[in-house]
$ cat run_22.cif   # mmCIF, C-alpha atoms
data_data
loop_
_atom_site.label_atom_id
_atom_site.label_comp_id
_atom_site.auth_asym_id
_atom_site.auth_seq_id
_atom_site.Cartn_x
_atom_site.Cartn_y
_atom_site.Cartn_z
CA MET H 222 42.14 -30.49 6.18
CA SER H 223 39.93 -32.74 4.08
CA VAL H 224 36.77 -33.92 5.82
CA ASN H 225 37.54 -37.63 5.52
CA ALA H 226 36.85 -39.40 8.77
CA GLN H 227 37.57 -42.91 7.60
CA SER H 228 41.31 -42.44 8.05
CA LEU H 229 42.76 -44.48 10.90
CA ASP H 230 44.98 -41.57 11.95
CA LEU H 231 42.13 -39.07 11.92
CA ASP H 232 42.59 -35.96 14.02
CA VAL H 233 39.11 -36.13 15.58
CA PRO H 234 39.22 -32.73 17.34
CA GLY H 235 40.41 -31.08 14.13
CA TYR H 236 37.81 -32.91 12.06
CA MET H 237 34.98 -31.93 14.40
CA LYS H 238 36.14 -28.30 14.45
CA GLU H 239 35.99 -28.23 10.68
CA VAL H 240 32.51 -29.77 10.77
CA GLY H 241 31.46 -27.10 13.28
CA ASP H 242 32.94 -24.27 11.23
CA ARG H 243 31.15 -25.48 8.13
CA ALA H 244 27.87 -25.86 9.98
CA LYS H 245 28.15 -22.35 11.41
CA ALA H 246 28.66 -20.92 7.94
CA ALA H 247 25.88 -23.06 6.49
CA ALA H 248 23.45 -21.90 9.20
CA ARG H 249 23.65 -18.36 7.86
CA GLU H 250 22.62 -19.63 4.43
CA THR H 251 19.81 -21.88 5.66
CA GLY H 252 18.57 -19.17 8.01
CA ARG H 253 17.94 -16.76 5.15
CA ALA H 254 16.78 -19.35 2.59
CA GLU H 255 13.28 -18.83 1.20
CA SER H 256 10.63 -21.45 1.87
CA ARG H 257 10.49 -22.29 -1.82
CA LEU H 258 14.16 -23.24 -1.86
CA LYS H 259 13.98 -25.32 1.32
CA ASN H 260 10.89 -27.15 0.09
CA SER H 261 12.57 -27.87 -3.22
CA ALA H 262 15.50 -29.41 -1.36
CA LEU H 263 13.22 -31.54 0.82
CA ARG H 264 11.40 -32.91 -2.21
CA ALA H 265 14.67 -33.58 -4.02
CA ILE H 266 15.98 -35.52 -1.02
CA ALA H 267 12.74 -37.53 -0.88
CA ASP H 268 13.02 -38.37 -4.59
CA THR H 269 16.65 -39.43 -4.17
CA ILE H 270 15.80 -41.69 -1.23
CA GLU H 271 13.11 -43.45 -3.24
CA VAL H 272 15.37 -43.91 -6.24
CA SER H 273 18.13 -45.22 -3.97
CA ALA H 274 15.92 -47.69 -2.06
CA GLU H 275 17.76 -50.83 -3.20
CA HIS H 276 21.14 -49.35 -2.31
CA LEU H 277 19.83 -48.26 1.08
CA LEU H 278 18.55 -51.78 1.77
CA ASP H 279 21.91 -53.26 0.75
CA GLU H 280 23.82 -50.94 3.08
CA ASN H 281 21.34 -51.54 5.88
CA ARG H 282 21.83 -55.30 5.56
CA LYS H 283 25.52 -54.78 6.31
CA ASP H 284 24.58 -53.07 9.56
CA LEU H 285 22.03 -55.75 10.45
CA GLN H 286 24.52 -58.53 9.83
CA SER H 287 27.11 -56.76 11.96
CA GLY H 288 24.50 -56.19 14.68
CA GLU H 289 23.60 -59.86 14.78
CA GLN H 290 27.28 -60.78 14.98
CA HIS H 291 27.67 -58.41 17.93
CA ASP H 292 24.55 -59.81 19.65
CA LEU H 293 22.42 -56.66 19.48
CA ASP H 294 19.09 -57.38 21.16
CA ALA H 295 15.85 -57.68 19.22
CA ALA H 296 14.66 -54.16 20.10
CA LEU H 297 17.85 -52.55 18.76
CA LEU H 298 17.76 -54.66 15.61
CA ASP H 299 14.16 -53.62 15.06
CA ARG H 300 15.14 -49.95 15.37
CA LEU H 301 18.08 -50.50 13.03
CA GLU H 302 16.19 -52.25 10.26
CA LEU H 303 15.14 -50.52 7.07
CA ASN H 304 12.51 -52.04 4.80
CA PRO H 305 10.61 -50.72 1.78
CA SER H 306 7.80 -49.41 3.99
CA ARG H 307 10.14 -47.51 6.30
CA ILE H 308 12.04 -46.05 3.35
CA ALA H 309 8.74 -44.91 1.81
CA ASP H 310 7.75 -43.40 5.18
CA MET H 311 11.01 -41.40 5.30
CA ALA H 312 10.35 -39.94 1.86
CA GLU H 313 6.72 -39.21 2.74
CA GLY H 314 7.81 -37.54 5.97
CA LEU H 315 10.03 -35.15 4.01
CA ARG H 316 7.19 -34.30 1.64
CA GLN H 317 4.90 -33.64 4.59
CA ILE H 318 7.50 -31.29 6.06
CA ALA H 319 7.70 -29.50 2.71
CA VAL H 320 3.98 -28.66 2.74
CA LEU H 321 3.96 -27.45 6.33
CA GLU H 322 3.90 -23.74 7.00
CA ASP H 323 7.40 -22.34 7.41
CA PRO H 324 7.72 -20.85 10.90
CA VAL H 325 10.82 -18.82 10.09
CA GLY H 326 10.13 -15.10 9.83
CA SER H 327 6.56 -15.28 11.10
CA VAL H 328 5.62 -12.32 13.31
CA SER H 329 3.17 -12.55 16.20
CA ASP H 330 1.75 -10.29 18.91
CA LEU H 331 2.61 -7.10 17.01
CA HIS H 332 1.00 -4.25 18.90
CA TYR H 333 1.40 -0.53 19.59
CA ARG H 334 2.78 0.71 22.89
CA PRO H 335 1.83 4.07 24.47
CA SER H 336 5.13 5.46 23.21
CA GLY H 337 4.02 4.85 19.62
CA ILE H 338 6.44 2.03 18.83
CA GLN H 339 5.19 -1.37 17.65
CA VAL H 340 6.50 -4.42 19.52
CA GLY H 341 6.19 -8.01 18.34
CA ARG H 342 8.00 -11.32 18.17
CA MET H 343 9.56 -13.04 15.17
CA ARG H 344 10.37 -16.75 14.84
CA VAL H 345 13.98 -17.42 13.91
CA PRO H 346 16.14 -20.56 13.59
CA LEU H 347 18.10 -21.87 16.55
CA GLY H 348 21.24 -22.01 14.38
CA VAL H 349 23.33 -25.20 14.48
CA ILE H 350 21.71 -28.30 15.96
CA GLY H 351 23.74 -31.35 16.94
CA ILE H 352 21.85 -34.66 17.06
CA ILE H 353 23.38 -37.71 18.74
CA TYR H 354 21.42 -40.90 18.24
CA GLU H 355 21.54 -44.67 18.22
CA SER H 356 20.29 -47.36 15.89
CA ARG H 357 17.48 -45.70 13.97
CA PRO H 358 18.58 -44.64 10.47
CA ASN H 359 15.26 -42.85 9.95
CA VAL H 360 16.43 -40.26 12.50
CA THR H 361 19.04 -39.17 9.97
CA VAL H 362 16.33 -38.20 7.50
CA ASP H 363 13.78 -36.86 10.00
CA ALA H 364 16.37 -34.68 11.71
CA ALA H 365 17.82 -33.41 8.43
CA GLY H 366 14.40 -32.49 7.07
CA LEU H 367 13.13 -30.74 10.17
CA CYS H 368 16.34 -28.83 10.80
CA LEU H 369 16.47 -27.70 7.18
CA LYS H 370 12.84 -26.53 7.03
CA ALA H 371 13.30 -24.63 10.31
CA GLY H 372 16.31 -22.83 8.81
CA ASN H 373 19.00 -24.61 10.83
CA ALA H 374 22.18 -26.44 9.96
CA ALA H 375 22.53 -29.95 11.40
CA ILE H 376 25.43 -32.06 12.62
CA LEU H 377 24.25 -35.66 12.89
CA ARG H 378 26.21 -38.28 14.81
CA GLY H 379 24.59 -41.70 14.50
CA GLY H 380 25.62 -44.87 16.27
CA SER H 381 28.37 -47.12 14.98
CA GLU H 382 25.83 -49.92 14.51
CA ALA H 383 24.15 -47.89 11.70
CA ILE H 384 27.23 -46.45 10.01
CA HIS H 385 26.57 -47.94 6.56
CA SER H 386 22.89 -46.98 6.56
CA ASN H 387 23.57 -43.44 7.77
CA GLN H 388 26.31 -42.75 5.26
CA ALA H 389 24.10 -44.02 2.44
CA LEU H 390 21.32 -41.71 3.62
CA ALA H 391 23.80 -38.84 3.94
CA ALA H 392 24.70 -39.28 0.27
CA CYS H 393 20.99 -39.02 -0.63
CA ILE H 394 20.62 -35.88 1.47
CA HIS H 395 23.66 -34.24 -0.08
CA GLU H 396 22.51 -35.12 -3.60
CA GLY H 397 19.11 -33.56 -2.90
CA LEU H 398 20.63 -30.42 -1.41
CA TYR H 399 22.94 -30.04 -4.38
CA ALA H 400 20.08 -30.56 -6.86
CA ALA H 401 18.13 -27.75 -5.16
CA GLY H 402 21.09 -25.38 -5.13
CA MET H 403 21.72 -25.44 -1.37
CA THR H 404 24.99 -26.05 0.43
CA ARG H 405 25.69 -29.64 1.34
CA ASP H 406 27.09 -28.40 4.65
CA ALA H 407 23.52 -27.69 5.78
CA VAL H 408 23.44 -31.34 6.88
CA GLN H 409 26.63 -33.09 7.89
CA VAL H 410 26.63 -36.71 9.04
CA VAL H 411 29.73 -37.42 11.13
CA LYS H 412 31.73 -40.09 9.33
CA THR H 413 33.82 -41.39 12.20
CA VAL H 414 32.62 -43.98 14.72
CA ASP H 415 35.27 -42.79 17.19
CA ARG H 416 33.43 -41.92 20.42
CA MET H 417 35.76 -38.95 20.87
CA ALA H 418 33.63 -37.20 18.23
CA VAL H 419 30.66 -37.18 20.64
CA GLY H 420 32.73 -35.54 23.37
CA GLU H 421 33.97 -32.92 20.94
CA LEU H 422 30.44 -32.18 19.74
CA LEU H 423 29.24 -31.70 23.33
CA ARG H 424 31.97 -29.11 23.92
CA MET H 425 31.37 -27.08 20.75
CA LYS H 426 29.83 -24.14 22.55
CA GLY H 427 29.84 -21.16 20.22
CA MET H 428 29.51 -23.40 17.16
CA VAL H 429 26.56 -25.58 18.17
CA ASP H 430 23.43 -23.99 19.65
CA VAL H 431 21.44 -27.04 20.79
CA ILE H 432 22.13 -30.76 21.30
CA VAL H 433 19.37 -33.34 20.86
CA PRO H 434 20.21 -36.86 22.08
CA ARG H 435 18.07 -39.78 20.89
CA GLY H 436 18.78 -43.20 22.28
CA GLY H 437 19.01 -45.19 25.48
CA LYS H 438 18.99 -43.80 28.96
CA GLY H 439 22.76 -44.19 29.29
CA LEU H 440 23.45 -42.07 26.21
CA ILE H 441 21.05 -39.35 27.27
CA GLU H 442 22.40 -39.24 30.84
CA ARG H 443 25.93 -38.92 29.49
CA VAL H 444 24.98 -36.15 27.09
CA SER H 445 23.07 -34.26 29.78
CA LYS H 446 25.99 -34.54 32.19
CA ASP H 447 28.83 -33.65 29.83
CA SER H 448 27.31 -31.16 27.39
CA LEU H 449 28.36 -27.51 27.50
CA VAL H 450 25.58 -26.87 24.97
CA PRO H 451 21.86 -26.70 25.92
CA VAL H 452 20.13 -30.09 25.57
CA ILE H 453 16.59 -31.06 24.48
CA LYS H 454 15.96 -34.56 25.82
CA HIS H 455 13.89 -37.29 27.38
CA LEU H 456 15.54 -39.96 29.49
CA HIS H 457 13.12 -42.83 28.96
CA GLY H 458 9.52 -43.67 28.16
CA VAL H 459 7.68 -45.45 30.96
CA CYS H 460 4.24 -45.01 29.39
CA HIS H 461 0.96 -46.04 31.00
CA VAL H 462 -2.52 -46.95 29.86
CA TYR H 463 -5.16 -46.71 32.59
CA ILE H 464 -8.45 -48.56 32.00
CA ASP H 465 -11.04 -46.79 34.11
CA ASP H 466 -14.08 -48.55 35.58
CA ASP H 467 -16.19 -46.40 33.24
CA ALA H 468 -14.29 -47.55 30.15
CA ASP H 469 -15.87 -49.15 27.12
CA PRO H 470 -14.43 -52.71 27.28
CA GLY H 471 -14.10 -52.95 23.50
CA LYS H 472 -12.13 -49.70 23.28
CA ALA H 473 -10.01 -50.71 26.27
CA ASP H 474 -9.17 -54.03 24.66
CA ARG H 475 -8.09 -52.49 21.34
CA ILE H 476 -6.14 -49.61 22.86
CA ALA H 477 -4.26 -51.62 25.50
CA TYR H 478 -3.30 -54.32 23.00
CA ASN H 479 -2.14 -51.87 20.34
CA ALA H 480 -0.23 -49.68 22.81
CA LYS H 481 1.95 -52.65 23.76
CA THR H 482 2.22 -54.85 20.69
CA GLN H 483 2.16 -52.51 17.66
CA ARG H 484 5.93 -52.04 18.16
CA TYR H 485 8.01 -53.00 21.16
CA GLY H 486 11.15 -50.95 20.71
CA THR H 487 9.74 -47.42 20.76
CA CYS H 488 9.63 -44.84 23.53
CA ASN H 489 5.84 -44.41 23.22
CA THR H 490 5.07 -48.09 23.76
CA MET H 491 3.05 -48.88 26.89
CA GLU H 492 5.19 -50.44 29.62
CA THR H 493 2.63 -50.52 32.46
CA LEU H 494 -1.08 -51.30 32.25
CA LEU H 495 -3.21 -49.93 35.08
CA VAL H 496 -6.74 -51.27 35.51
CA ALA H 497 -9.46 -50.09 37.86
CA GLU H 498 -10.54 -52.90 40.18
CA GLY H 499 -14.21 -52.45 39.23
CA ILE H 500 -13.59 -53.46 35.61
CA SER H 501 -10.54 -55.70 35.98
CA GLY H 502 -12.51 -58.96 35.88
CA ARG H 503 -14.19 -57.93 32.61
CA VAL H 504 -11.11 -56.82 30.64
CA LEU H 505 -7.95 -58.37 32.06
CA PRO H 506 -8.53 -62.09 31.35
CA GLY H 507 -9.22 -61.45 27.67
CA LEU H 508 -6.30 -59.05 27.34
CA ALA H 509 -3.97 -61.48 29.08
CA ALA H 510 -4.91 -64.20 26.61
CA GLN H 511 -4.14 -61.88 23.68
CA TYR H 512 -0.82 -60.84 25.19
CA ARG H 513 0.19 -64.44 25.79
CA GLU H 514 -0.68 -65.33 22.19
CA ALA H 515 1.53 -62.44 21.04
CA GLY H 516 4.40 -63.67 23.23
CA VAL H 517 4.22 -60.85 25.78
CA GLU H 518 5.45 -61.73 29.26
CA LEU H 519 3.16 -60.37 31.99
CA ARG H 520 4.40 -59.22 35.41
CA GLY H 521 1.66 -58.35 37.84
CA CYS H 522 0.83 -57.02 41.28
CA GLU H 523 -0.69 -59.39 43.81
CA ARG H 524 -4.29 -58.57 42.84
CA THR H 525 -3.45 -59.12 39.18
CA ARG H 526 -1.85 -62.48 39.93
CA GLN H 527 -4.88 -63.59 41.93
CA LEU H 528 -7.11 -62.74 38.96
CA LEU H 529 -4.96 -64.11 36.14
CA GLY H 530 -3.29 -67.03 37.83
CA ASP H 531 0.25 -68.07 37.00
CA ILE H 532 2.06 -64.89 35.96
CA LYS H 533 5.33 -63.54 37.27
CA ALA H 534 5.24 -61.18 40.26
CA ALA H 535 6.19 -57.62 39.42
CA SER H 536 9.17 -56.37 41.40
CA PRO H 537 9.44 -52.77 42.66
CA ASP H 538 11.84 -52.05 39.79
CA ASP H 539 9.36 -53.21 37.17
CA TRP H 540 7.14 -50.17 37.71
CA ASP H 541 10.07 -47.91 36.75
CA THR H 542 11.37 -49.95 33.80
CA GLU H 543 11.23 -49.12 30.11
CA TYR H 544 11.41 -52.65 28.70
CA LEU H 545 11.48 -51.90 24.96
CA ALA H 546 10.61 -55.58 24.72
CA PRO H 547 7.56 -57.91 24.87
CA ILE H 548 7.24 -57.53 28.65
CA LEU H 549 4.36 -55.74 30.38
CA SER H 550 3.78 -54.76 34.00
CA VAL H 551 0.14 -54.91 35.10
CA ARG H 552 -1.35 -53.33 38.20
CA ILE H 553 -4.92 -53.25 39.49
CA VAL H 554 -5.64 -49.94 41.22
CA ASP H 555 -8.63 -48.87 43.26
CA ASP H 556 -9.72 -45.99 41.05
CA LEU H 557 -8.64 -42.92 39.09
CA ASP H 558 -6.84 -41.47 42.11
CA GLY H 559 -4.80 -44.66 42.41
CA ALA H 560 -3.85 -44.49 38.74
CA ILE H 561 -2.82 -40.84 38.87
CA ASP H 562 -0.79 -41.50 42.02
CA HIS H 563 0.99 -44.45 40.40
CA ILE H 564 1.85 -42.42 37.29
CA ALA H 565 3.14 -39.53 39.43
CA ARG H 566 5.47 -41.90 41.32
CA HIS H 567 6.64 -44.12 38.47
CA GLY H 568 6.02 -42.29 35.18
CA SER H 569 8.67 -40.62 33.06
CA GLN H 570 6.47 -37.70 31.92
CA HIS H 571 6.40 -39.08 28.40
CA THR H 572 2.95 -40.38 27.40
CA ASP H 573 0.02 -41.57 29.51
CA VAL H 574 -3.47 -42.67 28.48
CA ILE H 575 -6.88 -43.00 30.12
CA VAL H 576 -9.64 -45.16 28.65
CA THR H 577 -12.97 -43.91 29.97
CA GLU H 578 -16.44 -42.80 28.91
CA ASP H 579 -16.67 -40.40 31.86
CA LEU H 580 -15.94 -36.86 30.63
CA GLY H 581 -15.21 -35.58 34.15
CA LYS H 582 -12.61 -38.27 34.76
CA ALA H 583 -11.07 -37.65 31.35
CA ARG H 584 -10.70 -33.96 32.14
CA ARG H 585 -9.14 -34.71 35.52
CA PHE H 586 -6.64 -37.06 33.91
CA LEU H 587 -5.73 -34.48 31.24
CA ARG H 588 -5.29 -31.78 33.85
CA GLU H 589 -3.50 -33.69 36.61
CA VAL H 590 -1.16 -36.08 34.77
CA ASP H 591 2.09 -34.14 34.23
CA SER H 592 3.38 -35.71 31.01
CA SER H 593 4.38 -34.29 27.66
CA SER H 594 1.48 -36.15 25.97
CA VAL H 595 -1.72 -37.08 27.80
CA MET H 596 -4.41 -38.95 25.88
CA VAL H 597 -8.03 -40.01 26.21
CA ASN H 598 -9.25 -43.18 24.46
CA ALA H 599 -6.28 -43.46 22.08
CA SER H 600 -3.16 -45.63 21.94
CA SER H 601 0.06 -44.22 23.32
CA ARG H 602 1.66 -45.13 19.99
CA PHE H 603 0.16 -41.92 18.57
CA ALA H 604 2.73 -39.85 20.54
CA ASP H 605 4.76 -39.18 17.44
CA GLY H 606 5.57 -36.15 15.32
CA PHE H 607 4.28 -37.80 12.15
CA GLU H 608 0.95 -38.67 13.78
CA TYR H 609 0.67 -35.20 15.35
CA GLY H 610 0.92 -33.58 11.93
CA LEU H 611 4.45 -32.27 12.42
CA GLY H 612 5.68 -34.17 9.35
CA ALA H 613 8.29 -35.85 11.49
CA GLU H 614 10.01 -35.22 14.78
CA ILE H 615 13.55 -34.64 15.87
CA GLY H 616 12.76 -36.25 19.22
CA ILE H 617 10.36 -36.17 22.12
CA SER H 618 11.15 -33.82 24.96
CA THR H 619 10.01 -34.43 28.52
CA ASP H 620 11.69 -31.21 29.61
CA LYS H 621 9.50 -28.19 30.24
CA LEU H 622 11.93 -25.76 28.59
CA HIS H 623 12.37 -24.98 25.73
CA ALA H 624 10.22 -27.58 23.94
CA ARG H 625 7.92 -30.33 25.26
CA GLY H 626 6.50 -33.41 23.57
CA PRO H 627 7.31 -34.27 19.95
CA VAL H 628 9.72 -31.61 18.70
CA GLY H 629 8.82 -30.45 15.22
CA LEU H 630 9.45 -27.24 13.33
CA GLU H 631 8.35 -24.78 15.99
CA GLY H 632 10.49 -26.54 18.60
CA LEU H 633 13.51 -26.01 16.35
CA THR H 634 13.04 -22.25 16.31
CA THR H 635 13.12 -19.55 18.92
CA GLN H 636 11.71 -16.04 19.07
CA LYS H 637 13.21 -12.60 19.16
CA TYR H 638 11.53 -9.30 19.88
CA ILE H 639 11.20 -6.87 17.01
CA VAL H 640 10.44 -3.16 17.37
CA LEU H 641 9.08 -0.91 14.61
CA GLY H 642 9.38 2.82 14.97
CA ASP H 643 9.38 5.96 12.89
CA GLY H 644 12.03 8.13 14.48
CA HIS H 645 10.81 7.38 17.99
CA ILE H 646 13.05 8.25 20.91
CA ARG H 647 12.55 7.47 24.58
CA ALA H 648 11.61 10.46 26.71
#
$ encode --input "run_22.cif" --output "C-alpha cells"
Amino acid sequence: MSVNAQSLDLDVPGYMKEVGDRAKAAARETGRAESRLKNSALRAIADTIEVSAEHLLDENRKDLQSGEQHDLDAALLDRLELNPSRIADMAEGLRQIAVLEDPVGSVSDLHYRPSGIQVGRMRVPLGVIGIIYESRPNVTVDAAGLCLKAGNAAILRGGSEAIHSNQALAACIHEGLYAAGMTRDAVQVVKTVDRMAVGELLRMKGMVDVIVPRGGKGLIERVSKDSLVPVIKHLHGVCHVYIDDDADPGKADRIAYNAKTQRYGTCNTMETLLVAEGISGRVLPGLAAQYREAGVELRGCERTRQLLGDIKAASPDDWDTEYLAPILSVRIVDDLDGAIDHIARHGSQHTDVIVTEDLGKARRFLREVDSSSVMVNASSRFADGFEYGLGAEIGISTDKLHARGPVGLEGLTTQKYIVLGDGHIRA
C-alpha cells in the first residue's frame, strides 16, 4: 500500500500499520546511528527550514485563514502562527540539539562486584515515539529533532488546524534526512486528518513504545484514558507566582508582569498571582495598572478587591483554571504557608515561582512545592526546554515517572544494565 493519506477512501488502520512498521524498522537504524550522522541530519534540516521560510509562511497562512474561518480563539491562533522569528528559532533549536552531548551509548555507574564482574548502566533509545499535538507547528520540528538525536523514530500526528504547516515542515525534515543519508522513515508526519488515526496510534502496542500528547486538557485526558502505550504527559499548567513580604518590589514587578504577559497561550504562563498581605499594598496597585494597560482582566479574592477597587470577583473555579488568555486570578495570602497551601490545593504541578530575598523562605519553597519546575526570583516563562539548555523539548511532564519537567534528550532515552565479565560463572 502506498503511504498516501490524502485519499478520501483511505484505509486508516492499514495506513497507520504501515507507518508503524516503517517506524519500527527505522528505529533500528536511528538507534545505531553515530552522533556525527545524526548531527549532520539535524543541521541539514535546519538549513532546509531556513531556505524554505517563505514557503512555510505561505502554507502557514492557509492554516491561519482556515482557523479564523472556523473561529479558533486567539490563544490557538497564536500557537498556530509561524513568523520569521519562530522559523529562525526552530532552526536554531535544531542546531542547539546538534551540539548537545549524545546520551545514547553512555555508560554510568560501572563498578566491580565481589564476584569479579563489572556492572553498569547504558543509555539507550526508547524506540518509537508517537507524538499527538495541537496547533503548534514548531512541535513538529522540536519533536523530530529531539527524537532523532536520542536515537528514536518518531510518528507525529498534528492537529487538523495545522495540516498545511506540518506537511510543509515534514518535507523539510525529509529533505534534510535524505541529504544526510538517513532514512526518511525516522520521522513520519501523519498525513490524514481523520481522527481514527489517533485511535489507531494509541493502540499500536508493540510498534510504538511511548506516546507524548501535547495540547489541551481534553486531548491529554483522552490519550491517557485510551492509550495502550505508556504516556508522558501534563494535563494543564496552572502556574503561580508568589510575591513574598520579603520580596524586592522591583523584581516582583518585572517577574509578575512578564510571567503573565510575555505570551498568553503557553502552559508556563502564570495564571494565578499570590501576594503576601504585608507587601500587597506596595506592589499590587502598580501591577494592576500595568495589567489593565496590557488588556489583562483581573479576578480577585475579597482582600484583593478591597485593595484594588472595581475588579471582578474570583470564583472557586478560577483558582483551578488555565486561562491561556489575558485573564489573571489574584489572591492575597497571609504568608508563605498560605501560598504553599494554595499551590498544593490548586496547582497542577507544572511551574511555580517565589519572589523573595529571604534565603530560608526560598529554600522552603523549593523543597515543599511539589511541581516539576520550582523557581526563585525568575519568571515562570523560563520553564522551557530551550531555556533550560535542552535545545528544545518534546513536552513538559508533570508525571513523576519516567520523566519530569521539560523532556529533552535524556527523557527520550532509558537505561539498561550491562555486565562485563571474563569467563565468570556464578558459584
$ residues_near_point --input "run_22.cif" --point "(13.4, -30.5, 14.6)" --cutoff "7 Å" --atoms "all atoms listed in the file" --output "ChimeraX atom specification"
/H:364,367-368,614-615,628-630,632-633
$ residues_near_point --input "run_22.cif" --point "(10.6, -29.3, -1.5)" --cutoff "10 Å" --atoms "only C-alpha atoms" --output "PyMOL selection string"
chain H and resi 256-268+315-320+366+370+397+401
$ residues_around --input "run_22.cif" --residues "Ala624 in chain H" --least-positions-apart "5" --cutoff "12 Å" --atoms "all atoms listed in the file" --output "list in words"
Val431, Val433, Pro451, Val452, Ile453, Lys454, His455, Ser593, Glu614, Ile615, Gly616, Ile617, Ser618, Thr619, Gly629, Leu630, Glu631, Gly632, Leu633, Thr634 and Thr635 of chain H
$ atom_distance --input "run_22.cif" --atom1 "CA of Ala247 in chain H" --atom2 "CA of Asp232 in chain H"
22.4 Å
$ residues_around --input "run_22.cif" --residues "His457 in chain H" --least-positions-apart "6" --cutoff "8 Å" --atoms "all atoms listed in the file" --output "JSON list (two decimals) with C-alpha atoms, in the frame of the given file"
[["chain", "number", "residue", "atom", "x", "y", "z"],
["H", 437, "GLY", "CA", 19.01, -45.19, 25.48],
["H", 438, "LYS", "CA", 18.99, -43.80, 28.96],
["H", 488, "CYS", "CA", 9.63, -44.84, 23.53],
["H", 543, "GLU", "CA", 11.23, -49.12, 30.11],
["H", 569, "SER", "CA", 8.67, -40.62, 33.06],
["H", 571, "HIS", "CA", 6.40, -39.08, 28.40]]
$ residues_around --input "run_22.cif" --residues "Arg282 in chain H" --least-positions-apart "5" --cutoff "10 Å" --atoms "only C-alpha atoms" --output "list in words"
His276, Leu277, Ser287, Gly288, Leu301, Glu302, Leu303, Asn304, Ala383, His385 and Ser386 of chain H
$ atom_distance --input "run_22.cif" --atom1 "CA of Arg513 in chain H" --atom2 "CA of His291 in chain H"
29.2 Å
$ resolve_selection --input "run_22.cif" --expression "the PyMOL selection byres ((chain H and resi 241) around 9)" --output "MDAnalysis selection string"
chainID H and resid 236:240 242:246 349 376 422 425 428:429
$ resolve_selection --input "run_22.cif" --expression "the PyMOL selection byres ((chain H and resi 607) around 10)" --output "PDB file with C-alpha atoms, in the frame of the given file"
ATOM      1  CA  ASP H 310       7.750 -43.400   5.180  1.00  0.00           C
ATOM      2  CA  GLU H 313       6.720 -39.210   2.740  1.00  0.00           C
ATOM      3  CA  GLY H 314       7.810 -37.540   5.970  1.00  0.00           C
ATOM      4  CA  GLN H 317       4.900 -33.640   4.590  1.00  0.00           C
ATOM      5  CA  ILE H 318       7.500 -31.290   6.060  1.00  0.00           C
ATOM      6  CA  ASP H 363      13.780 -36.860  10.000  1.00  0.00           C
ATOM      7  CA  PHE H 603       0.160 -41.920  18.570  1.00  0.00           C
ATOM      8  CA  ALA H 604       2.730 -39.850  20.540  1.00  0.00           C
ATOM      9  CA  ASP H 605       4.760 -39.180  17.440  1.00  0.00           C
ATOM     10  CA  GLY H 606       5.570 -36.150  15.320  1.00  0.00           C
ATOM     11  CA  GLU H 608       0.950 -38.670  13.780  1.00  0.00           C
ATOM     12  CA  TYR H 609       0.670 -35.200  15.350  1.00  0.00           C
ATOM     13  CA  GLY H 610       0.920 -33.580  11.930  1.00  0.00           C
ATOM     14  CA  LEU H 611       4.450 -32.270  12.420  1.00  0.00           C
ATOM     15  CA  GLY H 612       5.680 -34.170   9.350  1.00  0.00           C
ATOM     16  CA  ALA H 613       8.290 -35.850  11.490  1.00  0.00           C
ATOM     17  CA  GLU H 614      10.010 -35.220  14.780  1.00  0.00           C
ATOM     18  CA  PRO H 627       7.310 -34.270  19.950  1.00  0.00           C
ATOM     19  CA  GLY H 629       8.820 -30.450  15.220  1.00  0.00           C
TER      20      GLY H 629
END
$ resolve_selection --input "run_22.cif" --expression "the PyMOL selection byres ((chain H and resi 339-344) around 12)" --output "PyMOL selection string"
chain H and resi 252+323-338+345-347+371-372+630-643+645
$ atom_distance --input "run_22.cif" --atom1 "CA of Ala468 in chain H" --atom2 "CA of Ser600 in chain H"
14.0 Å
$ closest_residue --input "run_22.cif" --among "H:Thr251, H:Thr361, H:Gln570, H:Gln511" --to "Gly626 in chain H" --atoms "all atoms listed in the file"
H:Gln570
$ residues_around --input "run_22.cif" --residues "Cys393 in chain H" --least-positions-apart "6" --cutoff "8 Å" --atoms "all atoms listed in the file" --output "count of residues only"
4
